[in-house]
Amino acid sequence: MNHRQDREEIMHTEFAPAEKASGVEVRRQSGLFPDLPVLKRFMDTVPSIVTVLNRERQIVFANHRLFKLLGMDPSATEAVYGRRPGEVLSCSHAFENAGGCGTTRFCSTCGAAKAILASQRLMADMQECRIIQVPDGRALDLRAWATPLPLDDELFTIFSLLDISHEKRREMLERLFFHDVLNTAGGLKGSAELVRGADPREREELHGIILSLAHELIEEIETQRQLAEAESNDLVFRPAVVDTVALLEEVADQYARHEVAVGVTLCVDPRAWRGAILTGRTILRRVMGNMVKNALEASRAGDTVSLGGERGDGEIVFWVNNPGFVPEEVQLQIFNRSFSTKGAGRGLGTYSIKLFTEQYLKGSVSFTSSREAGTTFRVSLPDDCVVEQAAAPVGPKEAGEASRPLRILLADDNPVNRRVAAALLERRGHRVTVCANGREAVDQAAKQAFDLVLMDIQMPEMDGMTATQAIRAKEAGSGIRTPILAMTGLSGADARNRCLAAGMDGSVSKPVRPDELDRFVSGRESPPVTAVARAKGPEAFDPEELLAGVENDRGLLKEMVNLFMETAPGLLTAIGRAAASGDAEALERSAHALKGAAANFFAHDAVAAAQWLEQAGRDGEMVNVAQGVVDVEGAVGRLTEALVAVVEKE
């Protein structure tokens, strides 16, 4: 009997056959396998997804792991049997043609589809495939095995899938991130060594090289951090008003000086649409930067890369064009996570562009490529992001500008932190009430109304979480809810969830910077709960960054230094006593306070040494803290000497 004759009508395909067996035929085929208990037991035992496919590549039998992945009961076979693997796994290409999984031109590059077709030629095969799932855009890297299974004059395929996404991410870090970071760090080290013995003119040149390499290193680390946060849904979306042309010019200016732009002309189209849109500025800038960098890398000396934007047909489109042509084989794999247009293991390709745009900007990405017009990548955002032009220039508020004076309660146990934050807020016309612990904050909030509370997380007597809960309890039923922002060095989803669970509305990262205060205090952006990791240099601290942090107020800087000189010795003494006595809680508390004080000076070494001791105290690991005490004393000593030198120079 020829069971393949019972099929639906023939449909169009661009790769594998599109026709499918009817529901009646699928049920008949699936009924063959419960009578094979050994096969069923084996399939349910293996740690990967295992299915049996018919000649039309439809699932007619599956192990429990597939149903578990789909969140279904194993008895719900009607929802799975008769569908193809890509359709069950929500592959984006599986729904582009009426024929379903395996029938688009993109499927010709799919390792899973090719392995299945090989098994139908009686050859076992193993290949890898990459899919982007709909509707959430999640990326999967899979290893697929396909083995022919003849049964009762019919040919089936045992088809197995293993998720290797983590393996691919690790490989990418090893081949790309670690490789590039080590190369850049090596360049930094070599340039720094050349400074010794160089004449003044050579030193100036080397200074520029070192700054460029440091910027490149920070950019690479920040790119990987943002991508990791985006994939785990931890990346915070911060809406802001963006001038479209200003953004394009900013991106062009940055990459015109990049090493990949040597010999290539980079320009903004003079016809680019100028308007104001409300979107995630940092994310959009990252997306545009990725597109420009990819275009530059695909260009040759003498080429021109252009970028622009236009409004029309219900969308805002940003585009980047280069004269190069992308081969068909490469076009079919663009936007897959583990594929790069630069070659195997050489980059994240355009996957990050798609992820950031679709998941966070709520837009879409596309591209065209021809030998005549070159290659153009486009990012399209919905037209509803356009905002009316204000009379004043669009952009961040200048230092000192605020919507109105606010009554702010500032709670922090560190005197240096309190003084800096209070000074920056008062300079903007706000009235600031300060307190040194959570209990005082609760008392102050009960005595008077505040427009905003800035709350440190870790404080003596009562921590910031507990204080927030107490304030919210007193507000219950009153119709009043005072915005409370955490001042924290914590990061990640766990910290965010704990802050939100305690009743907080967001956070600013420590040490607090003027631009962060402007954004959150002015209400121009919704305050996210996040901490921004900042890369530091090898020096005791960065004088330029320090001065920028106090808006070049040298008087405030001297006051900060004096406060640090007064408090640091006592904190070091407390750390030494806690380490000697084995008091983990006291060590954590004292090291945390010292870390916060040193962070105000962007002092990498001192912050890192204090943070190590803080973590040791938190974990109760007191065996090796003696060396940590020596390290922190040395780092604070170097910081103190550097601060004294800066103050005396003024």
# chains A, B, ... in the order shown; residues from 1 in each chain; ligands from 1
$ residues_around --residues "Val242 of chain A" --least-positions-apart "5" --cutoff "9 Å" --atoms "only C-alpha atoms" --output "list in words"
Leu247, Gly275, Ala276, Ile277, Leu278, Thr279, Gly280, Arg281, Val394 and Gly395 of chain A
$ write_last_selection --atoms "all heavy atoms" --output "PDB file, in the first residue's frame"
ATOM      1  N   LEU A 247      21.214  62.833  16.223  1.00  0.00           N
ATOM      2  CA  LEU A 247      21.642  61.470  16.513  1.00  0.00           C
ATOM      3  C   LEU A 247      22.493  60.916  15.376  1.00  0.00           C
ATOM      4  O   LEU A 247      23.538  60.311  15.606  1.00  0.00           O
ATOM      5  CB  LEU A 247      20.422  60.573  16.744  1.00  0.00           C
ATOM      6  CG  LEU A 247      20.749  59.104  17.031  1.00  0.00           C
ATOM      7  CD1 LEU A 247      21.312  58.952  18.431  1.00  0.00           C
ATOM      8  CD2 LEU A 247      19.525  58.222  16.854  1.00  0.00           C
ATOM      9  N   GLY A 275      13.429  65.669  12.949  1.00  0.00           N
ATOM     10  CA  GLY A 275      12.243  65.682  13.784  1.00  0.00           C
ATOM     11  C   GLY A 275      12.588  65.220  15.183  1.00  0.00           C
ATOM     12  O   GLY A 275      13.734  64.873  15.483  1.00  0.00           O
ATOM     13  N   ALA A 276      11.590  65.217  16.039  1.00  0.00           N
ATOM     14  CA  ALA A 276      11.779  64.775  17.418  1.00  0.00           C
ATOM     15  C   ALA A 276      10.961  63.507  17.635  1.00  0.00           C
ATOM     16  O   ALA A 276       9.771  63.465  17.312  1.00  0.00           O
ATOM     17  CB  ALA A 276      11.342  65.861  18.388  1.00  0.00           C
ATOM     18  N   ILE A 277      11.605  62.472  18.156  1.00  0.00           N
ATOM     19  CA  ILE A 277      10.910  61.228  18.432  1.00  0.00           C
ATOM     20  C   ILE A 277      11.168  60.820  19.876  1.00  0.00           C
ATOM     21  O   ILE A 277      12.212  61.137  20.450  1.00  0.00           O
ATOM     22  CB  ILE A 277      11.351  60.091  17.486  1.00  0.00           C
ATOM     23  CG1 ILE A 277      12.850  59.817  17.620  1.00  0.00           C
ATOM     24  CG2 ILE A 277      10.999  60.435  16.045  1.00  0.00           C
ATOM     25  CD1 ILE A 277      13.326  58.618  16.807  1.00  0.00           C
ATOM     26  N   LEU A 278      10.196  60.133  20.453  1.00  0.00           N
ATOM     27  CA  LEU A 278      10.330  59.627  21.816  1.00  0.00           C
ATOM     28  C   LEU A 278      10.653  58.142  21.724  1.00  0.00           C
ATOM     29  O   LEU A 278       9.826  57.339  21.299  1.00  0.00           O
ATOM     30  CB  LEU A 278       9.034  59.838  22.604  1.00  0.00           C
ATOM     31  CG  LEU A 278       9.071  59.389  24.077  1.00  0.00           C
ATOM     32  CD1 LEU A 278      10.063  60.243  24.868  1.00  0.00           C
ATOM     33  CD2 LEU A 278       7.677  59.481  24.709  1.00  0.00           C
ATOM     34  N   THR A 279      11.879  57.784  22.104  1.00  0.00           N
ATOM     35  CA  THR A 279      12.309  56.390  21.978  1.00  0.00           C
ATOM     36  C   THR A 279      13.473  56.145  22.920  1.00  0.00           C
ATOM     37  O   THR A 279      13.882  57.032  23.668  1.00  0.00           O
ATOM     38  CB  THR A 279      12.708  56.075  20.518  1.00  0.00           C
ATOM     39  OG1 THR A 279      12.943  54.677  20.384  1.00  0.00           O
ATOM     40  CG2 THR A 279      13.951  56.844  20.104  1.00  0.00           C
ATOM     41  N   GLY A 280      14.012  54.937  22.893  1.00  0.00           N
ATOM     42  CA  GLY A 280      15.184  54.627  23.707  1.00  0.00           C
ATOM     43  C   GLY A 280      16.432  55.155  23.025  1.00  0.00           C
ATOM     44  O   GLY A 280      16.960  54.530  22.099  1.00  0.00           O
ATOM     45  N   ARG A 281      16.901  56.295  23.464  1.00  0.00           N
ATOM     46  CA  ARG A 281      18.006  56.957  22.766  1.00  0.00           C
ATOM     47  C   ARG A 281      19.274  56.103  22.774  1.00  0.00           C
ATOM     48  O   ARG A 281      19.936  55.936  21.740  1.00  0.00           O
ATOM     49  CB  ARG A 281      18.295  58.319  23.408  1.00  0.00           C
ATOM     50  CG  ARG A 281      19.340  59.124  22.654  1.00  0.00           C
ATOM     51  CD  ARG A 281      19.671  60.440  23.373  1.00  0.00           C
ATOM     52  NE  ARG A 281      20.517  61.261  22.539  1.00  0.00           N
ATOM     53  CZ  ARG A 281      21.830  61.065  22.377  1.00  0.00           C
ATOM     54  NH1 ARG A 281      22.417  60.068  23.007  1.00  0.00           N
ATOM     55  NH2 ARG A 281      22.531  61.854  21.586  1.00  0.00           N
ATOM     56  N   VAL A 394      15.599  70.538  21.242  1.00  0.00           N
ATOM     57  CA  VAL A 394      15.393  69.203  21.775  1.00  0.00           C
ATOM     58  C   VAL A 394      16.716  68.663  22.302  1.00  0.00           C
ATOM     59  O   VAL A 394      17.741  68.805  21.670  1.00  0.00           O
ATOM     60  CB  VAL A 394      14.854  68.262  20.669  1.00  0.00           C
ATOM     61  CG1 VAL A 394      14.740  66.847  21.195  1.00  0.00           C
ATOM     62  CG2 VAL A 394      13.519  68.766  20.181  1.00  0.00           C
ATOM     63  N   GLY A 395      16.699  68.035  23.458  1.00  0.00           N
ATOM     64  CA  GLY A 395      17.937  67.464  23.998  1.00  0.00           C
ATOM     65  C   GLY A 395      17.897  67.448  25.494  1.00  0.00           C
ATOM     66  O   GLY A 395      16.934  67.889  26.124  1.00  0.00           O
TER      67      GLY A 395
END
$ select_by_dssp --residues "segment 421-511 of chain A" --states "strand (DSSP E)" --output "ChimeraX atom specification"
/A:431-435,452-456,484-488,506-509
$ residues_around --residues "segment 361-373 of chain A" --least-positions-apart "4" --cutoff "8 Å" --atoms "only C-alpha atoms" --output "list of chain:residue names"
A:Thr279, A:Gly280, A:Ile283, A:Leu284, A:Pro323, A:Gly324, A:Phe325, A:Val326, A:Ile353, A:Lys354, A:Phe356, A:Thr357, A:Phe377, A:Arg378, A:Val379, A:Ser380, A:Leu381, A:Pro382
$ write_last_selection --atoms "N, CA, C and O atoms" --output "PDB file, in the first residue's frame"
ATOM      1  N   THR A 279      11.879  57.784  22.104  1.00  0.00           N
ATOM      2  CA  THR A 279      12.309  56.390  21.978  1.00  0.00           C
ATOM      3  C   THR A 279      13.473  56.145  22.920  1.00  0.00           C
ATOM      4  O   THR A 279      13.882  57.032  23.668  1.00  0.00           O
ATOM      5  N   GLY A 280      14.012  54.937  22.893  1.00  0.00           N
ATOM      6  CA  GLY A 280      15.184  54.627  23.707  1.00  0.00           C
ATOM      7  C   GLY A 280      16.432  55.155  23.025  1.00  0.00           C
ATOM      8  O   GLY A 280      16.960  54.530  22.099  1.00  0.00           O
ATOM      9  N   ILE A 283      19.648  52.887  23.146  1.00  0.00           N
ATOM     10  CA  ILE A 283      19.505  51.666  22.351  1.00  0.00           C
ATOM     11  C   ILE A 283      19.518  51.991  20.865  1.00  0.00           C
ATOM     12  O   ILE A 283      20.172  51.305  20.072  1.00  0.00           O
ATOM     13  N   LEU A 284      18.799  53.052  20.457  1.00  0.00           N
ATOM     14  CA  LEU A 284      18.783  53.433  19.052  1.00  0.00           C
ATOM     15  C   LEU A 284      20.184  53.821  18.583  1.00  0.00           C
ATOM     16  O   LEU A 284      20.599  53.484  17.473  1.00  0.00           O
ATOM     17  N   PRO A 323      28.438  50.616  -0.569  1.00  0.00           N
ATOM     18  CA  PRO A 323      28.380  50.157  -1.965  1.00  0.00           C
ATOM     19  C   PRO A 323      28.595  48.664  -2.153  1.00  0.00           C
ATOM     20  O   PRO A 323      28.493  48.160  -3.270  1.00  0.00           O
ATOM     21  N   GLY A 324      28.893  47.928  -1.110  1.00  0.00           N
ATOM     22  CA  GLY A 324      29.168  46.503  -1.246  1.00  0.00           C
ATOM     23  C   GLY A 324      27.922  45.680  -1.512  1.00  0.00           C
ATOM     24  O   GLY A 324      26.792  46.100  -1.254  1.00  0.00           O
ATOM     25  N   PHE A 325      28.128  44.470  -2.016  1.00  0.00           N
ATOM     26  CA  PHE A 325      27.038  43.530  -2.292  1.00  0.00           C
ATOM     27  C   PHE A 325      27.178  42.315  -1.394  1.00  0.00           C
ATOM     28  O   PHE A 325      28.270  41.772  -1.233  1.00  0.00           O
ATOM     29  N   VAL A 326      26.080  41.880  -0.788  1.00  0.00           N
ATOM     30  CA  VAL A 326      26.076  40.720   0.103  1.00  0.00           C
ATOM     31  C   VAL A 326      25.675  39.485  -0.701  1.00  0.00           C
ATOM     32  O   VAL A 326      24.592  39.456  -1.290  1.00  0.00           O
ATOM     33  N   ILE A 353      21.229  43.978  16.209  1.00  0.00           N
ATOM     34  CA  ILE A 353      20.387  45.029  15.633  1.00  0.00           C
ATOM     35  C   ILE A 353      18.926  44.606  15.675  1.00  0.00           C
ATOM     36  O   ILE A 353      18.043  45.384  16.067  1.00  0.00           O
ATOM     37  N   LYS A 354      18.667  43.385  15.277  1.00  0.00           N
ATOM     38  CA  LYS A 354      17.291  42.866  15.261  1.00  0.00           C
ATOM     39  C   LYS A 354      16.731  42.767  16.678  1.00  0.00           C
ATOM     40  O   LYS A 354      15.588  43.175  16.935  1.00  0.00           O
ATOM     41  N   PHE A 356      17.638  44.359  19.563  1.00  0.00           N
ATOM     42  CA  PHE A 356      17.392  45.653  20.185  1.00  0.00           C
ATOM     43  C   PHE A 356      16.191  46.358  19.543  1.00  0.00           C
ATOM     44  O   PHE A 356      15.362  46.944  20.236  1.00  0.00           O
ATOM     45  N   THR A 357      16.107  46.305  18.223  1.00  0.00           N
ATOM     46  CA  THR A 357      15.044  47.032  17.524  1.00  0.00           C
ATOM     47  C   THR A 357      13.674  46.444  17.800  1.00  0.00           C
ATOM     48  O   THR A 357      12.724  47.169  18.133  1.00  0.00           O
ATOM     49  N   PHE A 377      20.790  48.765   5.086  1.00  0.00           N
ATOM     50  CA  PHE A 377      20.070  48.237   6.249  1.00  0.00           C
ATOM     51  C   PHE A 377      19.134  49.324   6.764  1.00  0.00           C
ATOM     52  O   PHE A 377      19.514  50.511   6.818  1.00  0.00           O
ATOM     53  N   ARG A 378      17.933  48.917   7.153  1.00  0.00           N
ATOM     54  CA  ARG A 378      16.920  49.868   7.601  1.00  0.00           C
ATOM     55  C   ARG A 378      16.359  49.460   8.954  1.00  0.00           C
ATOM     56  O   ARG A 378      16.120  48.279   9.202  1.00  0.00           O
ATOM     57  N   VAL A 379      16.132  50.466   9.793  1.00  0.00           N
ATOM     58  CA  VAL A 379      15.431  50.293  11.061  1.00  0.00           C
ATOM     59  C   VAL A 379      14.176  51.153  11.000  1.00  0.00           C
ATOM     60  O   VAL A 379      14.262  52.373  10.819  1.00  0.00           O
ATOM     61  N   SER A 380      13.029  50.521  11.123  1.00  0.00           N
ATOM     62  CA  SER A 380      11.753  51.233  11.020  1.00  0.00           C
ATOM     63  C   SER A 380      11.076  51.290  12.382  1.00  0.00           C
ATOM     64  O   SER A 380      10.898  50.254  13.027  1.00  0.00           O
ATOM     65  N   LEU A 381      10.712  52.499  12.803  1.00  0.00           N
ATOM     66  CA  LEU A 381      10.009  52.695  14.067  1.00  0.00           C
ATOM     67  C   LEU A 381       8.601  53.188  13.780  1.00  0.00           C
ATOM     68  O   LEU A 381       8.373  53.907  12.793  1.00  0.00           O
ATOM     69  N   PRO A 382       7.635  52.835  14.624  1.00  0.00           N
ATOM     70  CA  PRO A 382       6.258  53.298  14.386  1.00  0.00           C
ATOM     71  C   PRO A 382       6.154  54.811  14.444  1.00  0.00           C
ATOM     72  O   PRO A 382       6.833  55.469  15.232  1.00  0.00           O
TER      73      PRO A 382
END
$ atom_distance --atom1 "atom CA of Thr104 of chain A" --atom2 "atom CA of Ala18 of chain A"
9.6 Å
$ closest_residue --among "A:Val251, A:Val260, A:Val636, A:Leu213" --to "Thr282 of chain A" --atoms "only C-alpha atoms"
A:Val251
$ closest_residue --among "A:Val195, A:Val629, A:Leu161, A:Met565" --to "Glu641 of chain A" --atoms "only C-alpha atoms"
A:Met565
$ atom_distance --atom1 "atom CA of Leu613 of chain A" --atom2 "atom CA of Gly628 of chain A"
6.3 Å
$ residues_around --residues "Val292 of chain A" --least-positions-apart "5" --cutoff "12 Å" --atoms "only C-alpha atoms" --output "mmCIF file with C-alpha atoms, in the first residue's frame"
data_model
loop_
_atom_site.group_PDB
_atom_site.id
_atom_site.type_symbol
_atom_site.label_atom_id
_atom_site.label_comp_id
_atom_site.auth_asym_id
_atom_site.auth_seq_id
_atom_site.Cartn_x
_atom_site.Cartn_y
_atom_site.Cartn_z
ATOM 1 C CA LEU A 248 22.802 60.639 12.992
ATOM 2 C CA GLU A 249 25.539 63.264 13.172
ATOM 3 C CA GLU A 250 26.668 62.001 16.570
ATOM 4 C CA VAL A 251 26.997 58.423 15.301
ATOM 5 C CA ALA A 252 28.786 59.563 12.146
ATOM 6 C CA ASP A 253 31.209 61.686 14.145
ATOM 7 C CA GLN A 254 32.044 58.788 16.453
ATOM 8 C CA TYR A 255 32.749 56.241 13.725
ATOM 9 C CA ALA A 256 34.505 58.639 11.356
ATOM 10 C CA HIS A 258 37.207 54.615 14.174
ATOM 11 C CA VAL A 260 37.507 50.647 10.458
ATOM 12 C CA ALA A 261 36.805 53.989 8.736
ATOM 13 C CA VAL A 264 36.324 55.424 3.754
ATOM 14 C CA THR A 265 34.127 58.527 3.605
ATOM 15 C CA LEU A 266 31.288 58.553 6.167
ATOM 16 C CA CYS A 267 28.556 61.161 5.764
ATOM 17 C CA VAL A 268 25.002 62.019 6.825
ATOM 18 C CA ARG A 285 22.273 54.908 19.075
ATOM 19 C CA ARG A 286 23.719 51.439 19.650
ATOM 20 C CA VAL A 287 21.695 50.024 16.743
ATOM 21 C CA GLU A 297 33.861 46.902 7.662
ATOM 22 C CA ALA A 298 32.246 45.838 4.382
ATOM 23 C CA SER A 299 33.706 48.819 2.495
ATOM 24 C CA THR A 304 31.411 56.166 0.765
ATOM 25 C CA VAL A 305 29.110 55.027 3.562
ATOM 26 C CA SER A 306 26.049 57.200 4.085
ATOM 27 C CA LEU A 307 23.349 57.246 6.739
ATOM 28 C CA GLY A 308 20.058 59.048 6.910
ATOM 29 C CA PHE A 318 16.769 55.123 9.698
ATOM 30 C CA TRP A 319 19.111 53.655 7.103
ATOM 31 C CA VAL A 320 22.787 52.997 6.409
ATOM 32 C CA ASN A 321 24.128 52.309 2.901
ATOM 33 C CA ASN A 322 27.448 51.022 1.632
ATOM 34 C CA THR A 350 23.245 41.830 12.670
ATOM 35 C CA ILE A 353 20.387 45.029 15.633
ATOM 36 C CA THR A 375 23.592 47.251 0.597
ATOM 37 C CA THR A 376 21.155 49.222 2.738
ATOM 38 C CA PHE A 377 20.070 48.237 6.249
ATOM 39 C CA ARG A 378 16.920 49.868 7.601
#
$ closest_residue --among "A:Val416, A:Leu66, A:Ala21, A:Leu332" --to "Ile131 of chain A" --atoms "only C-alpha atoms"
A:Leu332
$ residues_around --residues "His207 of chain A" --least-positions-apart "6" --cutoff "12 Å" --atoms "only C-alpha atoms" --output "list in words"
Leu188, Ser191, Ala192, Glu193, Leu194, Val195, Arg196, Ala198, Pro200, Arg201, Leu213 and Ala214 of chain A
$ closest_residue --among "A:Gln58, A:Ser352, A:Gln29, A:Thr244" --to "Asn294 of chain A" --atoms "only C-alpha atoms"
A:Ser352
$ closest_residue --among "A:Val38, A:Ala578, A:Leu140, A:Ala94" --to "Ala591 of chain A" --atoms "only C-alpha atoms"
A:Ala578
$ closest_residue --among "A:Gln133, A:Ala608, A:Phe61, A:Glu87" --to "Ser75 of chain A" --atoms "only C-alpha atoms"
A:Phe61
$ residues_around --residues "segment 117-124 of chain A" --least-positions-apart "2" --cutoff "8 Å" --atoms "only C-alpha atoms" --output "PDB file with N, CA and C atoms, in the first residue's frame"
ATOM      1  N   ALA A  16      12.409  22.535   0.257  1.00  0.00           N
ATOM      2  CA  ALA A  16      11.922  21.166   0.442  1.00  0.00           C
ATOM      3  C   ALA A  16      10.464  21.064  -0.008  1.00  0.00           C
ATOM      4  N   ARG A  55       7.619  11.037   5.817  1.00  0.00           N
ATOM      5  CA  ARG A  55       8.304  11.502   4.607  1.00  0.00           C
ATOM      6  C   ARG A  55       8.006  12.974   4.320  1.00  0.00           C
ATOM      7  N   ALA A 113      16.866  21.229   8.383  1.00  0.00           N
ATOM      8  CA  ALA A 113      16.168  20.820   7.160  1.00  0.00           C
ATOM      9  C   ALA A 113      17.066  19.969   6.280  1.00  0.00           C
ATOM     10  N   LYS A 114      18.337  20.353   6.155  1.00  0.00           N
ATOM     11  CA  LYS A 114      19.261  19.590   5.311  1.00  0.00           C
ATOM     12  C   LYS A 114      19.535  18.203   5.893  1.00  0.00           C
ATOM     13  N   ALA A 115      19.612  18.098   7.217  1.00  0.00           N
ATOM     14  CA  ALA A 115      19.841  16.790   7.831  1.00  0.00           C
ATOM     15  C   ALA A 115      18.651  15.861   7.603  1.00  0.00           C
ATOM     16  N   MET A 126      24.206  14.926  10.874  1.00  0.00           N
ATOM     17  CA  MET A 126      24.149  15.833  12.023  1.00  0.00           C
ATOM     18  C   MET A 126      24.603  17.213  11.559  1.00  0.00           C
ATOM     19  N   TRP A 145      20.178  15.971  14.795  1.00  0.00           N
ATOM     20  CA  TRP A 145      20.550  14.652  14.293  1.00  0.00           C
ATOM     21  C   TRP A 145      19.352  14.071  13.540  1.00  0.00           C
ATOM     22  N   ALA A 146      19.609  13.491  12.389  1.00  0.00           N
ATOM     23  CA  ALA A 146      18.535  12.850  11.620  1.00  0.00           C
ATOM     24  C   ALA A 146      19.018  11.473  11.167  1.00  0.00           C
ATOM     25  N   THR A 147      18.244  10.432  11.494  1.00  0.00           N
ATOM     26  CA  THR A 147      18.624   9.046  11.177  1.00  0.00           C
ATOM     27  C   THR A 147      17.449   8.356  10.499  1.00  0.00           C
ATOM     28  N   PRO A 148      17.654   7.699   9.360  1.00  0.00           N
ATOM     29  CA  PRO A 148      16.541   7.015   8.678  1.00  0.00           C
ATOM     30  C   PRO A 148      16.006   5.848   9.515  1.00  0.00           C
ATOM     31  N   LEU A 155       9.302   4.868   5.167  1.00  0.00           N
ATOM     32  CA  LEU A 155      10.542   5.458   5.654  1.00  0.00           C
ATOM     33  C   LEU A 155      10.223   6.640   6.573  1.00  0.00           C
ATOM     34  N   PHE A 156      10.687   6.520   7.801  1.00  0.00           N
ATOM     35  CA  PHE A 156      10.545   7.604   8.768  1.00  0.00           C
ATOM     36  C   PHE A 156      11.941   8.133   9.113  1.00  0.00           C
ATOM     37  N   THR A 157      11.972   9.206   9.877  1.00  0.00           N
ATOM     38  CA  THR A 157      13.225   9.798  10.338  1.00  0.00           C
ATOM     39  C   THR A 157      13.169   9.986  11.844  1.00  0.00           C
TER      40      THR A 157
END
$ select_by_dssp --residues "segment 39-166 of chain A" --states "alpha helix (DSSP H)" --output "list in words"
Leu39, Lys40, Arg41, Phe42, Met43, Asp44, Thr45, His64, Arg65, Leu66, Phe67, Lys68, Leu69, Leu70, Pro85, Gly86, Glu87, Val88, Gly111, Ala112, Ala113, Lys114, Ala115, Ile116, Leu117, Ala118, Ser119, Ser165 and His166 of chain A
$ atom_distance --atom1 "atom CA of Arg439 of chain A" --atom2 "atom CA of Leu563 of chain A"
23.3 Å
$ residues_around --residues "segment 39-52 of chain A" --least-positions-apart "2" --cutoff "9 Å" --atoms "only C-alpha atoms" --output "PyMOL selection string"
chain A and resi 30+33-37+54+57-66+69+85+149+156-163
$ write_last_selection --atoms "N, CA and C atoms" --output "compact mmCIF listing (two decimals), in the first residue's frame"
# COMPACT_ATOMS: atom_id res chain seq x y z
N SER A 30 1.11 7.74 13.48
CA SER A 30 1.46 7.88 14.90
C SER A 30 1.03 6.66 15.70
N PHE A 33 3.72 3.66 16.61
CA PHE A 33 4.85 3.71 17.53
C PHE A 33 4.55 3.33 18.98
N PRO A 34 3.34 3.53 19.49
CA PRO A 34 3.08 3.01 20.84
C PRO A 34 3.26 1.50 20.93
N ASP A 35 3.21 0.81 19.78
CA ASP A 35 3.42 -0.65 19.78
C ASP A 35 4.89 -1.01 19.82
N LEU A 36 5.77 0.02 19.88
CA LEU A 36 7.21 -0.22 19.97
C LEU A 36 7.70 0.32 21.31
N PRO A 37 7.45 -0.41 22.40
CA PRO A 37 7.76 0.11 23.74
C PRO A 37 9.23 0.40 23.95
N ASN A 54 7.55 11.76 9.42
CA ASN A 54 7.20 10.98 8.23
C ASN A 54 7.91 11.56 7.00
N ARG A 57 8.00 15.19 6.56
CA ARG A 57 8.71 15.91 7.63
C ARG A 57 7.77 16.37 8.74
N GLN A 58 6.63 15.70 8.88
CA GLN A 58 5.69 16.00 9.95
C GLN A 58 5.96 15.11 11.15
N ILE A 59 5.74 15.64 12.33
CA ILE A 59 5.93 14.87 13.56
C ILE A 59 4.78 13.87 13.70
N VAL A 60 5.14 12.62 13.86
CA VAL A 60 4.11 11.60 14.09
C VAL A 60 4.32 10.92 15.44
N PHE A 61 5.43 11.24 16.11
CA PHE A 61 5.67 10.71 17.45
C PHE A 61 6.73 11.59 18.10
N ALA A 62 6.65 11.81 19.43
CA ALA A 62 7.61 12.69 20.11
C ALA A 62 7.78 12.24 21.55
N ASN A 63 8.94 12.51 22.11
CA ASN A 63 9.17 12.17 23.51
C ASN A 63 8.64 13.26 24.43
N HIS A 64 8.66 12.98 25.72
CA HIS A 64 8.07 13.90 26.69
C HIS A 64 8.78 15.24 26.75
N ARG A 65 10.07 15.26 26.39
CA ARG A 65 10.83 16.50 26.51
C ARG A 65 10.32 17.58 25.55
N LEU A 66 9.82 17.20 24.42
CA LEU A 66 9.25 18.19 23.50
C LEU A 66 8.01 18.82 24.12
N LEU A 69 9.00 21.23 26.85
CA LEU A 69 9.49 22.50 26.31
C LEU A 69 8.34 23.40 25.89
N PRO A 85 8.91 20.38 12.58
CA PRO A 85 9.70 20.87 13.73
C PRO A 85 9.75 22.39 13.83
N LEU A 149 14.69 5.67 9.47
CA LEU A 149 14.05 4.58 10.22
C LEU A 149 13.03 3.89 9.30
N PHE A 156 10.69 6.52 7.80
CA PHE A 156 10.55 7.60 8.77
C PHE A 156 11.94 8.13 9.11
N THR A 157 11.97 9.21 9.88
CA THR A 157 13.23 9.80 10.34
C THR A 157 13.17 9.99 11.84
N ILE A 158 14.17 9.46 12.54
CA ILE A 158 14.32 9.80 13.96
C ILE A 158 15.08 11.13 14.01
N PHE A 159 14.43 12.12 14.51
CA PHE A 159 14.98 13.48 14.47
C PHE A 159 15.14 14.00 15.90
N SER A 160 16.38 14.39 16.25
CA SER A 160 16.69 14.83 17.61
C SER A 160 17.27 16.23 17.59
N LEU A 161 16.91 17.03 18.59
CA LEU A 161 17.40 18.40 18.71
C LEU A 161 17.97 18.63 20.10
N LEU A 162 19.11 19.32 20.14
CA LEU A 162 19.73 19.70 21.41
C LEU A 162 20.02 21.19 21.37
N ASP A 163 19.57 21.91 22.40
CA ASP A 163 19.81 23.36 22.48
C ASP A 163 21.27 23.60 22.84
